[in-house]
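Dumped upload-v4.csv below, it's CSV, C-alpha atoms:
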chain,number,residue,atom,x,y,z
C,1,MET,CA,94.4,124.5,41.5
C,2,SER,CA,93.2,121.0,40.5
C,3,VAL,CA,92.9,118.1,43.0
C,4,ASN,CA,95.5,116.2,41.0
C,5,HIS,CA,98.0,119.1,41.2
C,6,MET,CA,97.4,119.3,45.0
C,7,ASP,CA,97.9,115.5,45.3
C,8,ASP,CA,101.3,115.9,43.6
C,9,GLU,CA,102.4,118.0,46.6
C,10,LEU,CA,101.5,115.3,49.0
C,11,GLN,CA,104.5,113.7,50.6
C,12,ASP,CA,105.1,110.0,51.5
C,13,PRO,CA,104.9,109.6,55.2
C,14,ALA,CA,108.1,109.4,57.2
C,15,PRO,CA,109.0,105.9,58.4
C,16,TRP,CA,108.6,106.9,62.0
C,17,LEU,CA,105.0,107.9,61.5
C,18,LEU,CA,104.1,104.5,60.0
C,19,GLU,CA,105.9,102.9,62.9
C,20,VAL,CA,104.3,104.9,65.6
C,21,ILE,CA,100.8,104.4,64.1
C,22,ALA,CA,101.3,100.7,63.8
C,23,GLU,CA,102.7,100.3,67.3
C,24,SER,CA,99.9,102.5,68.8
C,25,THR,CA,97.1,100.6,67.1
C,26,ALA,CA,98.6,97.1,67.3
C,27,ASN,CA,96.2,94.3,68.2
C,28,GLU,CA,97.9,91.0,67.8
C,29,SER,CA,95.7,88.0,68.6
C,30,GLU,CA,96.4,85.8,71.6
C,31,ASP,CA,97.2,83.0,69.3
C,32,VAL,CA,100.1,85.0,67.8
C,33,ARG,CA,101.3,86.1,71.2
C,34,GLU,CA,101.2,82.5,72.5
C,35,ARG,CA,103.1,81.3,69.4
C,36,MET,CA,105.8,83.9,70.1
C,37,ARG,CA,106.0,82.9,73.8
C,38,ASN,CA,106.5,79.3,72.7
C,39,ALA,CA,109.3,80.4,70.4
C,40,GLY,CA,110.9,81.9,73.4
C,41,ARG,CA,110.5,78.7,75.4
C,42,LEU,CA,112.0,76.8,72.6
C,43,ALA,CA,115.1,79.0,72.8
C,44,LEU,CA,115.3,78.3,76.5
C,45,SER,CA,115.2,74.5,75.9
C,46,LEU,CA,118.0,74.9,73.3
C,47,ALA,CA,120.0,77.1,75.6
C,48,ARG,CA,119.7,74.5,78.5
C,49,LEU,CA,120.8,71.7,76.2
C,50,ARG,CA,123.7,73.9,75.0
C,51,ALA,CA,124.7,74.5,78.6
C,52,GLU,CA,124.6,70.8,79.3
C,53,LYS,CA,126.6,70.0,76.2
C,54,GLU,CA,129.3,72.5,77.4
C,55,ARG,CA,129.5,70.6,80.7
C,56,VAL,CA,129.6,67.1,79.1
C,57,GLY,CA,132.0,67.8,76.2
C,58,PHE,CA,132.8,65.3,73.5
C,59,LEU,CA,131.6,61.7,73.7
C,60,PRO,CA,132.1,59.1,70.9
C,61,LEU,CA,128.3,58.6,70.5
C,62,PRO,CA,126.0,58.8,67.4
C,63,PHE,CA,124.6,62.3,67.1
C,64,GLY,CA,121.0,61.3,67.9
C,65,ARG,CA,122.0,59.3,71.0
C,66,TYR,CA,124.2,62.2,72.3
C,67,VAL,CA,121.4,64.7,71.9
C,68,ALA,CA,118.8,62.4,73.4
C,69,GLY,CA,121.2,61.9,76.4
C,70,LEU,CA,121.5,65.6,76.9
C,71,ALA,CA,117.8,66.0,76.9
C,72,ALA,CA,117.3,63.2,79.4
C,73,MET,CA,119.9,64.8,81.7
C,74,VAL,CA,118.2,68.1,81.9
C,75,GLY,CA,114.7,66.6,81.9
C,76,LEU,CA,113.5,68.0,78.5
C,77,SER,CA,111.3,66.5,75.8
C,78,LEU,CA,113.2,66.3,72.6
C,79,GLU,CA,110.0,66.4,70.4
C,80,PRO,CA,109.6,70.2,70.1
C,81,ILE,CA,113.3,70.6,69.5
C,82,LEU,CA,113.4,68.0,66.8
C,83,GLY,CA,110.3,69.7,65.3
C,84,TRP,CA,112.1,73.0,65.2
C,85,ALA,CA,115.0,71.4,63.3
C,86,SER,CA,112.5,69.7,60.9
C,87,LEU,CA,113.7,66.2,62.1
C,88,ASP,CA,111.4,63.3,62.8
C,89,ASP,CA,113.7,61.0,64.6
C,90,VAL,CA,117.5,61.1,65.2
C,91,SER,CA,117.9,57.5,66.4
C,92,SER,CA,118.5,56.5,62.8
C,93,LEU,CA,119.8,59.1,60.4
C,94,ARG,CA,118.8,59.5,56.7
C,95,ALA,CA,120.6,61.5,54.1
C,96,GLN,CA,117.9,64.1,54.0
C,97,ASP,CA,118.3,64.8,57.8
C,98,GLY,CA,121.6,66.6,57.1
C,99,PRO,CA,120.3,70.2,57.1
C,100,GLY,CA,118.2,69.7,60.3
C,101,ILE,CA,121.1,68.1,62.1
C,102,GLY,CA,123.4,70.9,61.1
C,103,ARG,CA,121.0,73.5,62.3
C,104,LEU,CA,120.4,71.7,65.6
C,105,ALA,CA,124.1,71.1,66.2
C,106,SER,CA,124.9,74.8,65.6
C,107,ALA,CA,122.3,75.8,68.1
C,108,LEU,CA,123.7,73.4,70.7
C,109,GLY,CA,127.2,74.8,70.4
C,110,PHE,CA,128.8,71.9,68.5
C,111,ARG,CA,132.0,72.7,66.6
C,112,VAL,CA,131.7,71.6,63.0
C,113,ASP,CA,134.4,68.9,63.3
C,114,GLU,CA,132.8,67.5,66.4
C,115,LEU,CA,129.5,67.4,64.5
C,116,LEU,CA,130.9,65.6,61.5
C,117,LEU,CA,132.5,63.0,63.8
C,118,SER,CA,129.2,62.3,65.5
C,119,ILE,CA,127.6,61.8,62.2
C,120,ARG,CA,130.3,59.4,61.1
C,121,VAL,CA,129.8,57.4,64.3
C,122,ALA,CA,126.1,57.3,63.7
C,123,VAL,CA,126.5,56.0,60.1
C,124,ALA,CA,129.2,53.5,61.2
C,125,GLU,CA,126.9,52.0,63.9
C,126,GLN,CA,123.9,52.0,61.6
C,127,ALA,CA,125.9,50.1,59.0
C,128,ALA,CA,127.2,47.6,61.6
C,129,GLY,CA,123.7,47.2,63.0
C,130,GLY,CA,124.8,48.1,66.5
C,131,PRO,CA,127.4,49.7,68.8
C,132,LEU,CA,130.9,49.1,67.4
C,133,PRO,CA,133.3,47.2,69.7
C,134,ILE,CA,136.2,49.6,69.0
C,135,LEU,CA,134.1,52.6,70.0
C,136,ALA,CA,132.3,50.8,72.8
C,137,VAL,CA,135.7,49.9,74.3
C,138,HIS,CA,136.6,53.6,74.3
C,139,ARG,CA,133.3,54.6,75.9
C,140,GLY,CA,134.0,52.2,78.8
C,141,ALA,CA,137.6,53.4,79.3
C,142,SER,CA,138.4,55.3,82.4
C,143,GLY,CA,140.1,58.1,80.5
C,144,ARG,CA,138.3,60.6,78.3
C,145,VAL,CA,138.0,59.5,74.7
C,146,THR,CA,139.5,62.2,72.5
C,147,GLU,CA,138.1,63.3,69.1
C,148,ARG,CA,141.4,62.2,67.7
C,149,ASP,CA,141.0,58.6,69.1
C,150,CYS,CA,137.5,58.5,67.7
C,151,ALA,CA,138.6,59.8,64.3
C,152,ARG,CA,141.4,57.2,64.1
C,153,ALA,CA,139.0,54.4,65.0
C,154,LEU,CA,136.5,55.5,62.4
C,155,GLN,CA,139.1,55.7,59.7
C,156,GLN,CA,139.8,52.0,60.1
C,157,ILE,CA,136.1,51.2,60.1
C,158,GLU,CA,135.3,53.3,57.0
C,159,LEU,CA,137.9,51.4,54.9
C,160,ASP,CA,135.4,48.6,54.7
C,161,TRP,CA,132.3,50.7,53.9
C,162,PRO,CA,130.4,49.7,50.8
C,163,ALA,CA,129.7,52.5,48.3
C,164,ASP,CA,126.1,53.1,49.4
C,165,VAL,CA,127.1,53.6,53.0
C,166,ARG,CA,129.8,56.0,52.0
C,167,ALA,CA,127.4,57.9,49.8
C,168,GLN,CA,124.9,58.2,52.7
C,169,ALA,CA,127.6,59.5,55.0
C,170,ASP,CA,128.8,62.0,52.3
C,171,ALA,CA,125.2,63.3,51.8
C,172,LEU,CA,124.6,63.6,55.5
C,173,VAL,CA,127.9,65.4,56.1
C,174,SER,CA,127.5,67.7,53.2
C,175,GLY,CA,123.9,68.7,54.2
C,176,ALA,CA,124.8,69.1,57.8
C,177,GLU,CA,127.9,71.2,57.3
C,178,SER,CA,126.2,73.6,54.9
C,179,ALA,CA,123.2,74.1,57.3
C,180,PHE,CA,125.6,74.4,60.3
C,181,HIS,CA,127.5,77.3,58.8
C,182,VAL,CA,124.3,79.1,57.7
C,183,HIS,CA,122.8,78.8,61.2
C,184,ALA,CA,126.1,79.6,62.9
C,185,SER,CA,126.4,82.9,60.9
C,186,ARG,CA,122.9,83.9,62.1
C,187,LEU,CA,123.9,83.2,65.7
C,188,ALA,CA,127.3,85.0,65.4
Z,1,MET,CA,121.6,100.9,112.9
Z,2,SER,CA,121.1,103.8,110.6
Z,3,SER,CA,119.7,103.3,107.1
Z,4,SER,CA,122.8,104.8,105.6
Z,5,SER,CA,124.8,101.8,106.7
Z,6,GLN,CA,122.7,99.3,104.8
Z,7,ALA,CA,124.0,98.0,101.6
Z,8,PRO,CA,122.3,99.5,98.5
Z,9,LEU,CA,119.8,97.2,96.8
Z,10,PRO,CA,121.3,95.5,93.7
Z,11,GLU,CA,120.2,96.8,90.3
Z,12,PRO,CA,117.5,94.6,88.8
Z,13,LEU,CA,118.9,92.4,86.1
Z,14,SER,CA,118.1,93.5,82.5
Z,15,LEU,CA,116.2,91.2,80.1
Z,16,PRO,CA,119.4,90.2,78.2
Z,17,GLN,CA,121.1,89.4,81.5
Z,18,ARG,CA,118.2,87.3,82.6
Z,19,LEU,CA,118.1,85.5,79.2
Z,20,ALA,CA,121.8,84.7,79.6
Z,21,LEU,CA,121.1,83.3,83.1
Z,22,LEU,CA,118.4,81.0,81.6
Z,23,GLU,CA,115.6,82.5,83.6
Z,24,PRO,CA,112.4,80.9,82.2
Z,25,ASP,CA,110.3,84.1,82.8
Z,26,ALA,CA,112.8,86.0,80.7
Z,27,TYR,CA,112.2,83.8,77.6
Z,28,ASP,CA,108.4,84.2,77.9
Z,29,GLU,CA,108.8,87.9,78.3
Z,30,PHE,CA,111.1,88.2,75.3
Z,31,GLY,CA,108.7,86.3,73.1
Z,32,ASP,CA,105.7,88.3,74.3
Z,33,GLU,CA,107.5,91.7,74.0
Z,34,PHE,CA,109.4,91.3,70.8
Z,35,GLY,CA,107.5,88.6,68.8
Z,36,PRO,CA,104.4,90.8,67.9
Z,37,ARG,CA,106.6,93.8,67.3
Z,38,LEU,CA,108.8,91.8,64.9
Z,39,CYS,CA,105.6,90.6,63.1
Z,40,ARG,CA,104.6,94.2,62.6
Z,41,TYR,CA,108.1,95.2,61.5
Z,42,PHE,CA,108.2,92.5,58.9
Z,43,ARG,CA,104.7,93.3,57.6
Z,44,ARG,CA,105.8,97.0,57.2
Z,45,HIS,CA,108.5,95.7,54.9
Z,46,GLY,CA,106.2,93.8,52.6
Z,47,LEU,CA,106.0,90.3,54.1
Z,48,SER,CA,102.6,88.6,54.1
Z,49,ASP,CA,100.9,88.0,57.5
Z,50,VAL,CA,101.9,84.3,57.3
Z,51,ASP,CA,105.6,85.0,56.4
Z,52,ALA,CA,105.8,87.7,59.0
Z,53,ARG,CA,104.6,85.5,61.7
Z,54,ASP,CA,106.8,82.6,60.7
Z,55,LEU,CA,109.9,84.8,60.4
Z,56,ALA,CA,109.1,86.5,63.7
Z,57,ALA,CA,108.8,83.2,65.5
Z,58,THR,CA,112.2,82.0,64.0
Z,59,CYS,CA,113.8,85.3,65.0
Z,60,VAL,CA,112.5,85.1,68.6
Z,61,THR,CA,114.1,81.6,69.0
Z,62,ASP,CA,117.4,82.6,67.3
Z,63,ILE,CA,117.8,86.0,68.9
Z,64,ALA,CA,116.9,84.7,72.4
Z,65,LEU,CA,119.5,81.9,71.9
Z,66,LYS,CA,122.2,84.4,71.1
Z,67,ALA,CA,121.3,87.0,73.8
Z,68,ARG,CA,124.5,86.3,75.7
Z,69,LYS,CA,126.4,87.9,72.8
Z,70,TYR,CA,124.6,91.3,73.3
Z,71,ARG,CA,126.9,94.0,74.6
Z,72,ALA,CA,125.2,96.9,76.4
Z,73,GLU,CA,128.1,99.3,75.6
Z,74,LYS,CA,127.3,99.0,71.9
Z,75,GLY,CA,123.7,100.2,72.1
Z,76,SER,CA,120.3,99.4,73.4
Z,77,PHE,CA,119.0,95.8,73.5
Z,78,SER,CA,116.1,96.8,71.3
Z,79,SER,CA,118.4,98.2,68.6
Z,80,TRP,CA,120.4,95.0,68.7
Z,81,VAL,CA,117.3,92.8,68.4
Z,82,TYR,CA,116.1,94.7,65.4
Z,83,ALA,CA,119.5,94.7,63.7
Z,84,VAL,CA,119.6,90.9,63.9
Z,85,ALA,CA,116.0,90.7,62.7
Z,86,ARG,CA,116.7,93.1,59.8
Z,87,ASN,CA,119.5,90.7,58.6
Z,88,ALA,CA,117.1,87.8,58.9
Z,89,MET,CA,114.5,89.7,56.8
Z,90,LEU,CA,117.1,90.5,54.1
Z,91,ASP,CA,118.1,86.8,54.0
Z,92,PHE,CA,114.4,85.8,53.7
Z,93,LEU,CA,113.8,88.3,50.9
Z,94,GLU,CA,116.9,87.3,49.1
Z,95,LYS,CA,115.9,83.7,49.1
Z,96,ALA,CA,112.5,84.7,47.8
Z,97,GLY,CA,114.1,86.7,45.0
Z,98,ARG,CA,112.6,89.9,46.4
Z,99,VAL,CA,115.6,91.9,47.4
Z,100,SER,CA,116.3,95.0,45.5
Z,101,THR,CA,119.2,97.4,45.8
Z,102,ALA,CA,116.8,99.8,47.5
Z,103,ILE,CA,116.0,97.3,50.3
Z,104,LYS,CA,119.6,96.4,50.8
Z,105,GLU,CA,120.6,100.0,51.1
Z,106,MET,CA,117.7,101.0,53.3
Z,107,PRO,CA,118.9,102.8,56.4
Z,108,THR,CA,118.7,100.9,59.6
Z,109,GLU,CA,115.6,102.7,60.6
Z,110,VAL,CA,114.9,100.1,63.3
Z,111,PRO,CA,112.4,100.9,66.0
Z,112,VAL,CA,114.3,101.5,69.2
Z,113,ASP,CA,111.8,101.5,72.1
Z,114,ARG,CA,108.2,100.6,72.1
Z,115,PRO,CA,106.2,103.9,72.3
Z,116,ASP,CA,105.1,104.6,75.9
Z,117,GLU,CA,101.6,105.4,77.0
Z,118,ALA,CA,101.9,109.1,76.4
Z,119,VAL,CA,102.9,108.5,72.8
Z,120,VAL,CA,100.2,105.9,72.2
Z,121,ASN,CA,97.6,108.2,73.7
Z,122,ALA,CA,98.7,111.2,71.5
Z,123,VAL,CA,98.6,109.0,68.4
Z,124,ARG,CA,95.2,107.6,69.1
Z,125,ALA,CA,93.8,111.0,69.9
Z,126,ALA,CA,95.1,112.4,66.6
Z,127,LEU,CA,93.7,109.4,64.7
Z,128,GLU,CA,90.3,110.0,66.3
Z,129,GLU,CA,90.2,113.5,64.8
Z,130,LEU,CA,90.3,112.0,61.3
Z,131,ARG,CA,87.2,111.0,59.3
Z,132,ALA,CA,86.5,107.2,59.6
Z,133,SER,CA,87.6,106.4,56.1
Z,134,ALA,CA,90.8,108.3,56.4
Z,135,ARG,CA,91.5,106.7,59.8
Z,136,THR,CA,91.0,103.2,58.3
Z,137,LEU,CA,93.2,104.1,55.3
Z,138,VAL,CA,96.0,105.4,57.5
Z,139,THR,CA,95.9,102.5,60.0
Z,140,ARG,CA,95.8,99.9,57.3
Z,141,ARG,CA,98.6,101.6,55.4
Z,142,ALA,CA,100.8,101.8,58.6
Z,143,HIS,CA,100.4,98.1,59.3
Z,144,ASN,CA,101.0,97.1,55.7
Z,145,PRO,CA,102.7,99.7,53.6
Z,146,ALA,CA,103.1,97.2,50.7
Z,147,GLN,CA,99.4,97.0,50.2
Z,148,THR,CA,98.5,99.1,47.1
Z,149,PHE,CA,96.0,102.0,47.1
Z,150,LYS,CA,94.2,100.2,44.4
Z,151,VAL,CA,93.4,97.3,46.8
Z,152,LEU,CA,92.8,99.6,49.8
Z,153,GLY,CA,90.5,101.8,47.7
Z,154,LYS,CA,88.5,98.8,46.4
Z,155,GLU,CA,87.9,97.6,50.0
Z,156,LEU,CA,86.6,101.0,51.0
Z,157,GLY,CA,84.7,101.7,47.8
Z,158,LEU,CA,87.1,104.4,46.7
Z,159,LYS,CA,89.0,105.0,43.4
Z,160,GLU,CA,92.7,104.4,43.7
Z,161,GLY,CA,93.6,108.1,43.3
Z,162,THR,CA,91.0,109.1,45.9
Z,163,ALA,CA,92.3,106.5,48.4
Z,164,ARG,CA,95.9,107.6,47.8
Z,165,GLY,CA,95.0,111.3,48.1
Z,166,GLN,CA,92.9,110.9,51.3
Z,167,CYS,CA,95.5,108.7,52.9
Z,168,LEU,CA,98.5,110.9,52.2
Z,169,ARG,CA,96.6,114.1,53.2
Z,170,ALA,CA,95.6,112.5,56.5
Z,171,MET,CA,99.2,111.2,57.1
Z,172,ASN,CA,100.7,114.6,56.3
Z,173,LYS,CA,98.2,116.2,58.7
Z,174,LEU,CA,99.0,113.6,61.4
Z,175,GLU,CA,102.7,114.1,61.0
Z,176,ARG,CA,102.5,117.9,61.4
Z,177,ARG,CA,100.3,117.6,64.4
Z,178,LEU,CA,102.2,114.8,66.1
Z,179,LYS,CA,105.6,116.5,65.7
Z,180,GLN,CA,104.3,119.3,68.0
Z,181,GLN,CA,103.5,116.9,70.8
Z,182,PRO,CA,106.1,116.8,73.5
Z,183,ALA,CA,105.7,113.0,74.0
Z,184,ILE,CA,106.4,112.4,70.3
Z,185,GLN,CA,109.3,114.8,70.3
Z,186,THR,CA,110.9,112.9,73.2
Z,187,TRP,CA,110.3,109.6,71.5
Z,188,LEU,CA,111.8,110.8,68.3
Z,189,ARG,CA,114.8,112.2,70.1
Z,190,LYS,CA,115.4,108.9,71.8
Z,191,GLY,CA,115.3,107.1,68.5
Z,192,GLN,CA,117.3,109.8,66.9
Z,193,ARG,CA,114.9,110.1,64.0

Now, as a test, write the supplied structure out as structure tokens.
Amino acid sequence: MSVNHMDDELQDPAPWLLEVIAESTANESEDVRERMRNAGRLALSLARLRAEKERVGFLPLPFGRYVAGLAAMVGLSLEPILGWASLDDVSSLRAQDGPGIGRLASALGFRVDELLLSIRVAVAEQAAGGPLPILAVHRGASGRVTERDCARALQQIELDWPADVRAQADALVSGAESAFHVHASRLA
Amino acid sequence: MSSSSQAPLPEPLSLPQRLALLEPDAYDEFGDEFGPRLCRYFRRHGLSDVDARDLAATCVTDIALKARKYRAEKGSFSSWVYAVARNAMLDFLEKAGRVSTAIKEMPTEVPVDRPDEAVVNAVRAALEELRASARTLVTRRAHNPAQTFKVLGKELGLKEGTARGQCLRAMNKLERRLKQQPAIQTWLRKGQR
């Protein structure tokens, strides 16, 4: 019987055999293990921000300021979290920040309509060069500002938006919404 | 007071319960326990070292974040982790244009529990009985099944056919020997393989 004929009778190994050999001879470097522990710690930071967001609820603030406020309240640095979301800075939003914002918002437990409102507030304040009186009044009110109040106020403001501001808002919203749903489906 | 009147000690919390309670140690433990295993799992399914590590890190964060959705009555935590990771891997492969029907239809042969010391010792003892070149072939193949015998053979100074034959003969021998070991039989039964 030739060697080639004998080789034809050899069987591919069962998946469990490959698995048990790999697990029994594993030798991941400490760098890899530390990277994985850091990934776990990042999840803890996101989970703590999410818990704080559940406690705080909706506020008529730009997305970046809202998230920065959550981080300040729980004593967390925002830098690693922004890095995870591929965002440099959320104090001033750019059109290309949409996907990162969507991913971060999904992880923090935003609802999609809530996210889109906070993006519109951010664009409105950036376009106006500062806090908007109509929203600032609501922030100072003794009662809670509802999302409906905020949406109504924004509708008025957006009537006067020039085309470039509208385009920026549309790009942000589109990118954020798409990334939000992708990430939300992974967390479902 | 007799010991029988003392309240029983509470059951220690499981890892997913501790994750849901935002215990910091639990997040370190999850990353340390599952991160390297997910790396190996992704490599066994053809991802490069770099991609496997990147995807494993992403999965550690995403899965730990959704740990509160795990339901113990539906199966082990390990099974749940690997089911989520498998979907992430399929998404990754799909985006890279590397998903075939075969991969999509592959059974969910997810690892259930990390092999215990008895299993690890049995495997290592069996590997030690192989010739050095066969042991290297088998170990390398187990960690990266996507690596071709042509590449493996070249690294060891063997022709492709020789590398393939040596490796598969050694693996067939290992499989026959390990299946007789009680520790391996128990581990296989637990994973229902």

Counting all atoms listed in the file, which residues in chain Z sit no more than 7 Å from chain C? For each one, give the nearest pair of atoms and the distance in Å, sorted by chain then residue number, as CSV.
residue,atom,partner,partner_atom,distance
Z:Leu22,CA,C:Leu44,CA,6.6
Z:Pro24,CA,C:Leu44,CA,6.9
Z:Tyr27,CA,C:Gly40,CA,4.8
Z:Asp28,CA,C:Arg37,CA,4.9
Z:Phe30,CA,C:Gly40,CA,6.6
Z:Gly31,CA,C:Arg37,CA,4.4
Z:Asp32,CA,C:Arg37,CA,5.4
Z:Gly35,CA,C:Met36,CA,5.2
Z:Pro36,CA,C:Glu28,CA,6.5
Z:Ala57,CA,C:Met36,CA,5.5
Z:Val60,CA,C:Ala39,CA,6.0
Z:Thr61,CA,C:Ala43,CA,4.7
Z:Asp62,CA,C:Leu187,CA,6.7
Z:Ala64,CA,C:Ala43,CA,6.0
Z:Leu65,CA,C:Ala43,CA,5.3
Z:Lys66,CA,C:Leu187,CA,5.8
Z:Val120,CA,C:Ser24,CA,4.8
Z:Val123,CA,C:Ser24,CA,6.6
Z:Arg124,CA,C:Ser24,CA,6.9
Z:Thr139,CA,C:Ile21,CA,6.7
Z:Ala142,CA,C:Leu18,CA,4.5
Z:His143,CA,C:Ala22,CA,5.3
Z:Gly165,CA,C:Asp7,CA,5.8
Z:Leu168,CA,C:Leu10,CA,6.2
Z:Arg169,CA,C:Leu10,CA,6.6
Z:Met171,CA,C:Pro13,CA,6.2
Z:Asn172,CA,C:Pro13,CA,6.6
Z:Glu175,CA,C:Leu17,CA,6.6

Output the selection as a CSV table (one decimal), in the frame of the given file - C-alpha atoms for each residue.
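Output (part-v6.csv):
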chain,number,residue,atom,x,y,z
Z,22,LEU,CA,118.4,81.0,81.6
Z,24,PRO,CA,112.4,80.9,82.2
Z,27,TYR,CA,112.2,83.8,77.6
Z,28,ASP,CA,108.4,84.2,77.9
Z,30,PHE,CA,111.1,88.2,75.3
Z,31,GLY,CA,108.7,86.3,73.1
Z,32,ASP,CA,105.7,88.3,74.3
Z,35,GLY,CA,107.5,88.6,68.8
Z,36,PRO,CA,104.4,90.8,67.9
Z,57,ALA,CA,108.8,83.2,65.5
Z,60,VAL,CA,112.5,85.1,68.6
Z,61,THR,CA,114.1,81.6,69.0
Z,62,ASP,CA,117.4,82.6,67.3
Z,64,ALA,CA,116.9,84.7,72.4
Z,65,LEU,CA,119.5,81.9,71.9
Z,66,LYS,CA,122.2,84.4,71.1
Z,120,VAL,CA,100.2,105.9,72.2
Z,123,VAL,CA,98.6,109.0,68.4
Z,124,ARG,CA,95.2,107.6,69.1
Z,139,THR,CA,95.9,102.5,60.0
Z,142,ALA,CA,100.8,101.8,58.6
Z,143,HIS,CA,100.4,98.1,59.3
Z,165,GLY,CA,95.0,111.3,48.1
Z,168,LEU,CA,98.5,110.9,52.2
Z,169,ARG,CA,96.6,114.1,53.2
Z,171,MET,CA,99.2,111.2,57.1
Z,172,ASN,CA,100.7,114.6,56.3
Z,175,GLU,CA,102.7,114.1,61.0

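Here atom CA of C:Ala163 and atom CA of C:Val182 stand 28.7 Å from one another.
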
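Applying the 10 Å criterion to (124.3, 63.3, 65.8) in file coordinates and using only C-alpha atoms, one obtains the residues Leu61, Pro62, Phe63, Gly64, Arg65, Tyr66, Val67, Ala68, Val90, Ser91, Ser92, Leu93, Gly98, Ile101, Gly102, Leu104, Ala105, Glu114, Leu115, Leu116, Leu117, Ser118, Ile119, Arg120, Val121, Ala122, Val123 and Ala176 of chain C.
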
Practice prompt. Would you list the residues near (110.2, 91.6, 61.8), meaning any protein, DNA or RNA residue with an atom at most 8 Å from that point in file coordinates, counting only C-alpha atoms, as a VMD selection string?
Written response: chain Z and resid 37 to 43 52 55 to 56 59 82 85 to 86 89

Fill in: Residues near Z:Leu174, cut-off 7 Å, all atoms listed in the file, skip fewer than 4 positions along chain, as a PyMOL selection string
chain Z and resi 126+170+178

Fill in: Pick from Z:Leu127, Z:Leu137, Z:Ala7, Z:Val84, whichever lies nearest to Z:Lys173 using all atoms listed in the file
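Closest candidate: Z:Leu127.
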
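In this model, the gap between atom CA of Z:His45 and atom CA of C:Phe180 comes to 27.8 Å.
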
Fill in: Separation of atom CA of Z:Arg131 from atom CA of Z:Pro182 in Å
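Between atom CA of Z:Pro182 and atom CA of Z:Arg131 the gap is 24.3 Å.
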
Worksheet item: Using all atoms listed in the file, which residue out of Z:Lys154, Z:Ala122, Z:Val81, Z:Glu129 lies closest to Z:Lys179?
Response: Z:Ala122

Worksheet item: Within 6 Å of C:Ala95, counting all atoms listed in the file, which residues qualify if same-chain residues fewer than 5 places away don't, as a list in words?
Response: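 What passes the distance filter is Gln168, Ala171 and Leu172 of chain C.
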
Fill in: Nearest candidate to Z:Gly157 (options Z:Ser14, Z:Asn144, Z:Ser133, Z:Gln180; using only C-alpha atoms)
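Among Z:Ser14, Z:Asn144, Z:Ser133, Z:Gln180, it is Z:Ser133 that comes nearest to Z:Gly157.
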
Fill in: 9 Å contact set for C:Val165, all atoms listed in the file, chain neighbours under 4 positions out, as a ChimeraX atom specification
/C:123-124,127,161,169-170

Practice prompt. Find the spatial neighbours of C:Val74, counting all atoms listed in the file, within a cut-off of 9 Å - ignore same-chain residues fewer than 4 positions away - and output them as a list in words.
Written response: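 These residues fall inside the cut-off: Arg48, Leu49, Glu52, Gly69 and Leu70 of chain C.
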
Residues within 6 Å of C:Ser106, please, as a compact mmCIF listing (two decimals) with C-alpha atoms, in the frame of the given file. Count all atoms listed in the file; anything in the same chain fewer than 3 positions from it doesn't count.
# COMPACT_ATOMS: atom_id res chain seq x y z
CA ARG C 103 121.00 73.50 62.30
CA GLY C 109 127.20 74.80 70.40
CA PHE C 110 128.80 71.90 68.50
CA PHE C 180 125.60 74.40 60.30
CA ALA C 184 126.10 79.60 62.90

Response to the item:
In terms of all atoms listed in the file, the residue from Z:Glu160, Z:Glu33, Z:Glu128, Z:Asp51 at minimal distance from Z:Ala96 is Z:Asp51

Fill in: Of the listed residues Z:Arg176, Z:Arg140, Z:Leu13, Z:Gln181, that which approaches Z:Ala26 most closely, counting all atoms listed in the file
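Among the listed residues, the smallest separation from Z:Ala26 belongs to Z:Leu13.
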